[in-house]
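The next block is run-v3.txt, given as compact mmCIF, C-alpha atoms.
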# COMPACT_ATOMS: atom_id res chain seq x y z
CA MET A 183 0.00 0.00 0.00
CA TYR A 184 1.45 3.29 -1.13
CA VAL A 185 0.82 7.00 -0.70
CA TRP A 186 1.76 8.14 -4.20
CA ARG A 187 5.08 6.24 -4.46
CA VAL A 188 5.96 6.05 -0.76
CA PRO A 189 5.06 2.87 1.19
CA VAL A 190 2.58 3.72 3.97
CA LEU A 191 4.85 2.13 6.60
CA LEU A 192 7.53 4.71 5.71
CA PHE A 193 5.20 7.60 4.86
CA ALA A 194 3.64 7.76 8.36
CA PRO A 195 6.98 8.08 10.27
CA LEU A 196 8.15 10.66 7.71
CA VAL A 197 5.04 12.81 8.28
CA THR A 198 5.42 12.45 12.07
CA THR A 199 9.10 13.43 11.82
CA ALA A 200 8.19 16.61 9.89
CA LEU A 201 5.45 17.49 12.40
CA LEU A 202 7.61 16.77 15.45
CA LEU A 203 10.53 18.73 13.99
CA ALA A 204 8.32 21.76 13.37
CA VAL A 205 6.76 21.59 16.87
CA ALA A 206 10.03 20.92 18.75
CA ALA A 207 12.05 23.58 16.85
CA THR A 208 9.31 26.20 17.43
CA LEU A 209 8.96 25.39 21.15
CA LEU A 210 12.73 25.46 21.64
CA ALA A 211 12.97 28.83 19.81
CA TRP A 212 10.28 30.24 22.12
CA ARG A 213 12.09 28.78 25.12
CA ARG A 214 15.30 30.55 24.10
CA SER A 215 13.53 33.93 24.06
CA ALA A 216 11.55 33.29 27.27
CA ALA A 217 12.99 34.78 30.46
CA ALA A 218 10.82 33.26 33.21
CA PRO A 219 12.16 29.89 34.46
CA ALA A 220 8.61 28.52 34.82
CA VAL A 221 7.82 29.27 31.16
CA ARG A 222 11.13 27.80 30.05
CA GLY A 223 10.44 24.66 32.08
CA ALA A 224 6.90 24.36 30.73
CA LEU A 225 8.12 24.70 27.12
CA LEU A 226 10.79 22.03 27.67
CA ALA A 227 8.13 19.75 29.17
CA LEU A 228 6.00 20.31 26.06
CA VAL A 229 8.95 19.30 23.87
CA LEU A 230 9.30 16.06 25.87
CA ILE A 231 5.54 15.37 25.68
CA ALA A 232 5.66 15.96 21.90
CA HIS A 233 8.42 13.34 21.64
CA LEU A 234 6.45 10.84 23.75
CA ALA A 235 3.37 11.45 21.58
CA ALA A 236 5.29 10.82 18.33
CA PRO A 237 4.86 6.99 18.26
CA VAL A 238 1.16 7.40 19.09
CA VAL A 239 0.76 9.85 16.17
CA THR A 240 2.61 7.48 13.80
CA SER A 241 0.43 4.61 14.97
CA ALA A 242 -2.74 6.68 14.46
CA LEU A 243 -1.63 7.62 10.93
CA LEU A 244 -1.00 3.94 10.14
CA GLU A 245 -4.21 2.61 11.71
CA PRO A 246 -6.65 3.11 8.74
CA PHE A 247 -4.22 1.22 6.49
CA LEU A 248 -3.60 -1.54 9.06
CA ALA A 249 -7.36 -1.93 9.68
CA ARG A 250 -7.95 -2.40 5.93
CA GLU A 251 -5.20 -5.01 5.78
CA ARG A 252 -6.66 -6.84 8.82
CA ALA A 253 -10.10 -6.84 7.18
CA SER A 254 -8.63 -8.55 4.15
CA GLY A 255 -6.76 -11.19 6.18
CA ASP A 256 -3.29 -9.69 6.75
CA PHE A 257 -2.14 -8.73 10.25
CA ILE A 258 0.71 -6.22 10.15
CA HIS A 259 2.44 -5.37 13.42
CA PRO A 260 4.70 -2.35 12.83
CA SER A 261 8.05 -2.47 14.58
CA VAL A 262 8.42 -0.50 17.82
CA LEU A 263 11.61 0.98 16.36
CA LEU A 264 9.65 2.25 13.33
CA LEU A 265 7.10 3.94 15.61
CA TRP A 266 9.82 5.53 17.76
CA SER A 267 12.04 6.52 14.80
CA PRO A 268 10.70 10.14 14.57
CA ALA A 269 11.32 10.67 18.31
CA LEU A 270 14.87 9.28 17.91
CA LEU A 271 15.69 11.21 14.73
CA VAL A 272 14.35 14.66 15.70
CA PRO A 273 16.65 15.24 18.74
CA LEU A 274 19.59 14.22 16.56
CA LEU A 275 18.56 16.76 13.90
CA LEU A 276 18.05 19.48 16.52
CA VAL A 277 21.54 18.87 17.97
CA LEU A 278 23.05 18.85 14.46
CA ALA A 279 21.24 22.11 13.59
CA ASP A 280 22.58 23.64 16.80
CA ARG A 281 26.15 22.60 15.96
CA LEU A 282 26.07 23.42 12.23
CA PHE A 283 24.24 26.75 12.61
CA PRO A 284 25.19 28.04 16.09
CA HIS A 285 22.94 30.55 17.82
CA SER A 286 23.66 34.12 16.80
CA GLU A 287 22.13 37.31 18.26
CA THR A 288 23.36 39.33 15.27
CA ARG A 289 21.76 37.12 12.61
CA ALA A 290 18.58 35.74 14.21
CA ALA A 291 16.51 35.93 10.97
CA SER A 292 19.28 34.38 8.90
CA LEU A 293 19.76 31.61 11.52
CA LEU A 294 16.07 30.74 11.31
CA LYS A 295 16.28 30.63 7.51
CA TYR A 296 19.39 28.42 7.50
CA ARG A 297 18.02 25.99 10.09
CA ALA A 298 14.69 25.74 8.21
CA ALA A 299 16.64 25.09 5.00
CA PHE A 300 18.67 22.38 6.79
CA PHE A 301 15.52 20.63 8.07
CA ALA A 302 13.88 20.93 4.64
CA ALA A 303 16.99 19.46 2.97
CA VAL A 304 17.09 16.48 5.37
CA LEU A 305 13.35 15.77 5.00
CA THR A 306 13.50 16.11 1.21
CA PHE A 307 16.47 13.77 1.11
CA ALA A 308 14.66 11.27 3.34
CA PHE A 309 11.58 11.54 1.10
CA LEU A 310 13.68 10.88 -2.02
CA ASN A 311 15.16 7.81 -0.33
CA VAL A 312 11.83 6.24 0.70
CA THR A 313 10.21 6.83 -2.69
CA ASN A 314 9.79 3.91 -5.06
CA TRP A 315 11.20 5.17 -8.36
CA CYS A 316 9.80 2.18 -10.27
CA SER A 317 6.14 1.24 -10.82
CA PRO A 318 4.62 0.36 -7.42
CA GLY A 319 3.19 -3.16 -7.47
CA TRP A 320 5.30 -4.27 -10.44
CA CYS A 321 8.79 -3.31 -9.39
CA GLU A 322 10.71 -1.39 -6.73
CA ARG A 323 13.76 0.82 -6.83
CA PHE A 324 14.48 2.67 -3.60
CA GLY A 325 17.38 5.04 -3.10
CA PHE A 326 18.66 8.44 -4.12
CA PRO A 327 21.13 9.04 -5.70
CA LEU A 328 22.05 5.32 -5.70
CA PRO A 329 19.46 2.51 -5.52
CA TYR A 330 19.88 0.52 -2.27
CA SER A 331 16.94 -1.88 -2.72
CA TRP A 332 15.29 -3.12 -5.89
CA TRP A 333 13.24 -5.94 -7.41
CA SER A 334 11.22 -6.45 -10.53
CA ASP A 335 8.23 -8.58 -11.41
CA ALA A 336 10.16 -9.62 -14.52
CA ILE A 337 12.13 -12.22 -12.56
CA LEU A 338 15.42 -12.91 -14.30
CA ILE A 339 17.60 -15.65 -12.83
CA PHE A 340 20.92 -16.22 -14.54
CA ASP A 341 23.38 -18.88 -13.43
CA GLY A 342 21.58 -19.23 -10.09
CA ARG A 343 21.72 -15.52 -9.40
CA ASN A 344 18.62 -13.33 -9.26
CA MET A 345 19.42 -10.40 -11.53
CA SER A 346 16.12 -8.61 -10.96
CA ALA A 347 16.29 -8.16 -7.17
CA GLY A 348 18.88 -7.12 -4.62
CA ASN A 349 20.03 -4.59 -2.06
CA SER A 350 23.19 -2.72 -1.21
CA VAL A 351 24.31 -1.52 2.21
CA VAL A 352 27.18 0.40 0.57
CA ALA A 353 24.73 2.36 -1.61
CA PHE A 354 22.58 3.06 1.46
CA LEU A 355 25.57 4.40 3.43
CA PHE A 356 26.70 6.41 0.38
CA ASN A 357 23.22 7.96 0.13
CA ILE A 358 23.36 9.05 3.77
CA THR A 359 26.84 10.57 3.37
CA ALA A 360 25.84 12.21 0.07
CA LEU A 361 23.84 14.77 2.05
CA ALA A 362 26.85 15.74 4.15
CA PRO A 363 28.63 17.98 1.54
CA VAL A 364 25.40 19.95 0.95
CA VAL A 365 24.83 20.46 4.68
CA LEU A 366 28.48 21.34 5.33
CA ALA A 367 28.41 23.88 2.49
CA MET A 368 25.30 25.46 4.03
CA SER A 369 26.99 25.59 7.44
CA ARG A 370 30.14 27.13 5.93
CA THR A 371 28.13 29.82 4.12
CA PHE A 372 26.27 30.65 7.33
CA ARG A 373 29.47 30.88 9.40
CA ARG A 374 31.22 32.98 6.73
CA GLY A 375 28.34 35.47 6.78
CA GLU A 376 28.55 35.56 10.58
CA ARG A 377 32.33 36.26 10.50
CA SER A 378 31.96 39.05 7.93
CA ILE A 379 29.32 40.77 10.10
CA LEU A 380 31.60 40.57 13.15
CA ARG A 381 34.54 41.98 11.11
CA HIS A 382 32.46 44.95 9.97
CA GLU A 383 31.41 45.66 13.55
CA MET B 102 23.67 16.44 43.29
CA SER B 103 26.47 15.96 40.77
CA ASP B 104 25.87 16.54 37.04
CA ALA B 105 26.49 12.85 36.29
CA ARG B 106 23.78 11.83 38.76
CA LYS B 107 21.40 14.41 37.31
CA ILE B 108 22.01 13.11 33.79
CA LEU B 109 21.54 9.52 34.96
CA GLY B 110 18.33 10.51 36.71
CA TRP B 111 16.90 12.20 33.58
CA LEU B 112 18.03 9.27 31.46
CA GLY B 113 16.23 6.88 33.82
CA ILE B 114 13.04 8.95 33.63
CA ALA B 115 13.25 9.10 29.80
CA ILE B 116 13.77 5.32 29.53
CA GLY B 117 10.89 4.74 31.96
CA LEU B 118 8.52 6.97 29.95
CA ILE B 119 9.58 5.33 26.67
CA GLY B 120 8.94 1.93 28.29
CA VAL B 121 5.47 2.93 29.51
CA VAL B 122 4.42 4.31 26.09
CA THR B 123 5.83 1.22 24.35
CA ILE B 124 4.05 -1.19 26.71
CA VAL B 125 0.71 0.63 26.29
CA MET B 126 1.05 0.56 22.48
CA GLU B 127 2.11 -3.10 22.41
CA ARG B 128 -0.86 -4.03 24.64
CA ARG B 129 -3.20 -2.29 22.17
CA ALA B 130 -1.54 -4.20 19.31
CA ALA B 131 -1.98 -7.48 21.24
CA ILE B 132 -5.71 -6.77 21.71
CA ARG B 133 -6.07 -6.06 17.97
CA GLN B 134 -4.19 -9.28 17.19
CA ARG B 135 -6.53 -11.29 19.44
CA GLU B 136 -9.57 -9.76 17.68
CA PHE B 137 -7.99 -10.49 14.29
CA LEU B 138 -7.32 -14.13 15.23
CA ALA B 139 -10.90 -14.54 16.47
CA VAL B 140 -12.20 -13.26 13.09
CA GLN B 141 -9.81 -15.58 11.22
CA ALA B 142 -10.91 -18.57 13.35
CA ALA B 143 -14.59 -17.76 12.63
CA ARG B 144 -13.80 -17.60 8.92
CA PHE B 145 -11.99 -20.94 9.10
CA ARG B 146 -14.96 -22.58 10.89
CA ASP B 147 -17.25 -21.05 8.29
CA ARG B 148 -15.18 -22.64 5.53
CA GLN B 149 -15.11 -26.03 7.26
CA GLN B 150 -18.86 -26.03 7.93
CA PRO B 151 -20.41 -23.80 5.27
CA PRO B 152 -24.05 -22.79 5.71
CA ALA B 153 -26.57 -25.21 4.21
CA LEU B 154 -28.36 -22.37 2.45
CA ILE B 155 -27.03 -19.50 0.35
CA ALA B 156 -29.36 -16.57 -0.19
CA TRP B 157 -28.51 -14.06 -2.90
CA GLU B 158 -30.74 -11.34 -4.32
CA GLY B 159 -33.96 -13.12 -3.32
CA ARG B 160 -32.94 -16.57 -4.57
CA THR B 161 -31.77 -19.49 -2.45
CA PHE B 162 -29.30 -22.25 -3.23
CA ARG B 163 -28.82 -25.43 -1.16
CA MET B 164 -25.99 -27.92 -1.06
CA GLY B 165 -26.83 -30.73 -3.46
CA ASP B 166 -29.07 -28.55 -5.67
CA ARG B 167 -28.81 -29.31 -9.37
CA VAL B 168 -27.99 -26.02 -11.12
CA ARG B 169 -27.69 -24.71 -14.64
CA ILE B 170 -25.71 -21.71 -15.90
CA ALA B 171 -28.31 -19.06 -16.81
CA LYS B 172 -25.96 -16.53 -18.41
CA TRP B 173 -22.39 -16.55 -19.66
CA ALA B 174 -19.98 -16.55 -16.69
CA GLY B 175 -16.57 -16.20 -18.30
CA THR B 176 -14.41 -19.27 -18.68
CA PHE B 177 -13.21 -22.28 -16.70
CA LYS B 178 -9.44 -22.45 -16.64
CA PRO B 179 -7.17 -25.48 -17.25
CA GLU B 180 -6.31 -25.69 -13.51
CA GLU B 181 -10.04 -26.19 -12.82
CA THR B 182 -10.91 -28.54 -15.70
CA ARG B 183 -7.53 -30.36 -15.87
CA HIS B 184 -7.74 -29.94 -19.65
CA PRO B 185 -5.22 -27.79 -21.55
CA VAL B 186 -7.77 -25.37 -23.05
CA GLU B 187 -10.10 -22.78 -21.51
CA VAL B 188 -13.78 -23.58 -21.91
CA ASP B 189 -16.73 -21.19 -21.90
CA ALA B 190 -19.04 -21.24 -18.87
CA ARG B 191 -22.04 -20.63 -21.17
CA SER B 192 -25.72 -20.96 -20.41
CA GLY B 193 -27.14 -24.45 -20.24
CA GLN B 194 -24.16 -26.21 -18.62
CA THR B 195 -25.23 -28.19 -15.55
CA GLY B 196 -23.78 -29.43 -12.29
CA VAL B 197 -24.46 -29.99 -8.57
CA ILE B 198 -23.62 -27.54 -5.75
CA VAL B 199 -20.97 -29.02 -3.44
CA ARG B 200 -20.63 -26.13 -0.96
CA GLY B 201 -20.55 -22.38 -0.59
CA GLU B 202 -17.23 -20.55 -0.58
CA ARG B 203 -16.10 -17.14 0.56
CA ARG B 204 -14.32 -14.79 -1.80
CA THR B 205 -10.80 -13.97 -0.63
CA SER B 206 -8.86 -10.77 -1.13
CA THR B 207 -6.11 -10.56 -3.65
CA ARG B 208 -3.46 -7.91 -4.11
CA TYR B 209 -5.71 -6.11 -6.58
CA LEU B 210 -9.19 -6.80 -5.17
CA ARG B 211 -10.11 -6.17 -1.54
CA ILE B 212 -13.05 -8.22 -0.30
CA ASP B 213 -15.15 -7.26 2.71
CA PRO B 214 -14.89 -10.34 5.01
CA ASN B 215 -18.44 -9.72 6.23
CA GLU B 216 -20.01 -9.86 2.78
CA PRO B 217 -22.67 -12.57 2.31
CA MET B 218 -21.54 -15.85 0.76
CA GLN B 219 -22.12 -15.65 -2.99
CA ILE B 220 -19.73 -18.16 -4.57
CA VAL B 221 -20.46 -21.88 -4.82
CA LEU B 222 -18.27 -24.83 -5.65
CA VAL B 223 -20.10 -26.85 -8.31
CA ARG B 224 -19.35 -30.41 -9.41
CA TRP B 225 -19.90 -30.07 -13.18
CA SER B 226 -21.35 -33.21 -14.78
CA PRO B 227 -19.59 -34.91 -17.70
CA GLN B 228 -20.81 -32.95 -20.72
CA LYS B 229 -19.74 -31.07 -23.83
CA TRP B 230 -18.10 -27.67 -23.43
CA LYS B 231 -17.32 -25.03 -26.04
CA VAL B 232 -13.63 -24.15 -26.29
CA ASN B 233 -13.05 -20.45 -25.61
CA LEU B 234 -12.54 -18.36 -28.79
CA GLN B 235 -12.95 -21.42 -31.03
CA GLU B 236 -15.94 -23.04 -32.75
CA ARG B 237 -15.01 -26.36 -31.22
CA TRP B 238 -16.74 -28.50 -28.57
CA ILE B 239 -14.97 -30.99 -26.29
CA GLU B 240 -16.31 -33.66 -23.95
CA LEU B 241 -14.95 -33.19 -20.42
CA PRO B 242 -15.24 -35.62 -17.51
CA GLU B 243 -16.62 -34.43 -14.16
CA PHE B 244 -14.67 -31.56 -12.55
CA GLU B 245 -15.19 -29.05 -9.73
CA ALA B 246 -15.01 -25.28 -10.14
CA THR B 247 -16.43 -22.21 -8.39
CA ILE B 248 -18.96 -19.83 -9.90
CA HIS B 249 -20.89 -16.78 -8.71
CA VAL B 250 -24.51 -17.68 -7.91
CA SER B 251 -25.84 -14.73 -9.96
CA HIS B 252 -24.99 -16.82 -13.06
CA LEU B 253 -26.94 -19.87 -11.85
CA GLU B 254 -30.51 -21.12 -11.71
CA VAL B 255 -31.73 -24.18 -9.83
CA VAL B 256 -33.02 -27.02 -11.99
CA ARG B 257 -36.22 -28.24 -10.27
For the structure just supplied, provide its representation as structure tokens.
Amino acid sequence: MYVWRVPVLLFAPLVTTALLLAVAATLLAWRRSAAAPAVRGALLALVLIAHLAAPVVTSALLEPFLARERASGDFIHPSVLLLWSPALLVPLLLVLADRLFPHSETRAASLLKYRAAFFAAVLTFAFLNVTNWCSPGWCERFGFPLPYSWWSDAILIFDGRNMSAGNSVVAFLFNITALAPVVLAMSRTFRRGERSILRHE
Amino acid sequence: MSDARKILGWLGIAIGLIGVVTIVMERRAAIRQREFLAVQAARFRDRQQPPALIAWEGRTFRMGDRVRIAKWAGTFKPEETRHPVEVDARSGQTGVIVRGERRTSTRYLRIDPNEPMQIVLVRWSPQKWKVNLQERWIELPEFEATIHVSHLEVVR
């Protein structure tokens, strides 16, 4: 079952990740500008609650699809790790954003823009990597820029080797690292702008 | 309290909360699985002991009824007839109802498990069948194949 070309089991965590990222980043930005310790504490608590709610949201997004599958005789039990993946990934992204685009009083608007661009880049990249670039139902080719998992209905076995299906851990790791130069370039541009402002002051 | 203890304390709380949420969600999944298995068991029993009567659009069919195809119902395939050609399920062909069967979902067609039974397994008598897409008739021995009851009429 697909949403456009993305399998539902991957689409739901991706949507939850985007939602949680938006909520957590906004709450943390408010917390930074808040002065009262009670407000800061309350906002941090909300961030934690949002993380705890993430698997419930993913599960709720999946439920209509799972109910349909159950009705037609297939019981699918999504992995706990899959349900928790947004809550595990978002803190990592927030820490990375903090390190790559450090807080700056002089360039608050620019910082917001760069961090938003970083999150958008990561989510777009994740979306490209969970999209089936072949015809869903007939064949699969996952991975961007390199395919890491593929099969085709046109089963071709040659010399005992299935030529129409396979997967590659190397391609998967390459795909993850392929985002790094883009992100590092963004970070460098941001820091250069920051340095030039400080020089002019 | 030292920083290390504080961090350990927060880590413990986080792990505890993650555990509670996970247990609650897994319990819900277990309840759904129990319900699913109960439905599957009911379906299995239904298949083992099909109802003696099938009612469809105001008509009733019983096990052992002699039936005749009332309108063209596609073709019977080689895996059903054990003959290498497809034959037309055209009007006039006769057989005896063996039992009712439930339609099952495929990758392309989702079937509501609660839909009324509407397919029957018929033991088709030895008779002549027209070969699909050819003007040729062949004599086939008895075979069993399913058919939708909307294509059948009971021979009284």
**Report entry** Separation of CA of Asp213 in chain B from CA of Asp256 in chain A, in Å and rounded to one decimal
**Finding:** 12.8 Å
Near chain A, meaning an atom within 7 Å, which residues of chain B appear when counting only C-alpha atoms? Write them as a PDB file with C-alpha atoms, in the frame of the given file.
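Listed below is the output, selection.pdb:
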ATOM      1  CA  ILE B 119       9.580   5.330  26.670  1.00  0.00           C
ATOM      2  CA  PHE B 137      -7.990 -10.490  14.290  1.00  0.00           C
ATOM      3  CA  SER B 206      -8.860 -10.770  -1.130  1.00  0.00           C
ATOM      4  CA  ARG B 211     -10.110  -6.170  -1.540  1.00  0.00           C
ATOM      5  CA  ILE B 212     -13.050  -8.220  -0.300  1.00  0.00           C
ATOM      6  CA  ASP B 213     -15.150  -7.260   2.710  1.00  0.00           C
ATOM      7  CA  PRO B 214     -14.890 -10.340   5.010  1.00  0.00           C
TER       8      PRO B 214
END
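Note that CA of Ile358 in chain A and CA of Arg373 in chain A are 23.4 Å apart.
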**Report entry** Atomic distance CA of Cys316 in chain A - CA of Pro363 in chain A, expressed in Å with one decimal
**Finding:**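 These two atoms are separated by 27.3 Å.
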Requested in this report: Might you pull out every residue within 10 Å of Val256 in chain B, with all atoms listed in the file counted and same-chain residues fewer than 3 positions away left off, and present them as a ChimeraX atom specification?
Outcome: /B:166-170,195-197,253
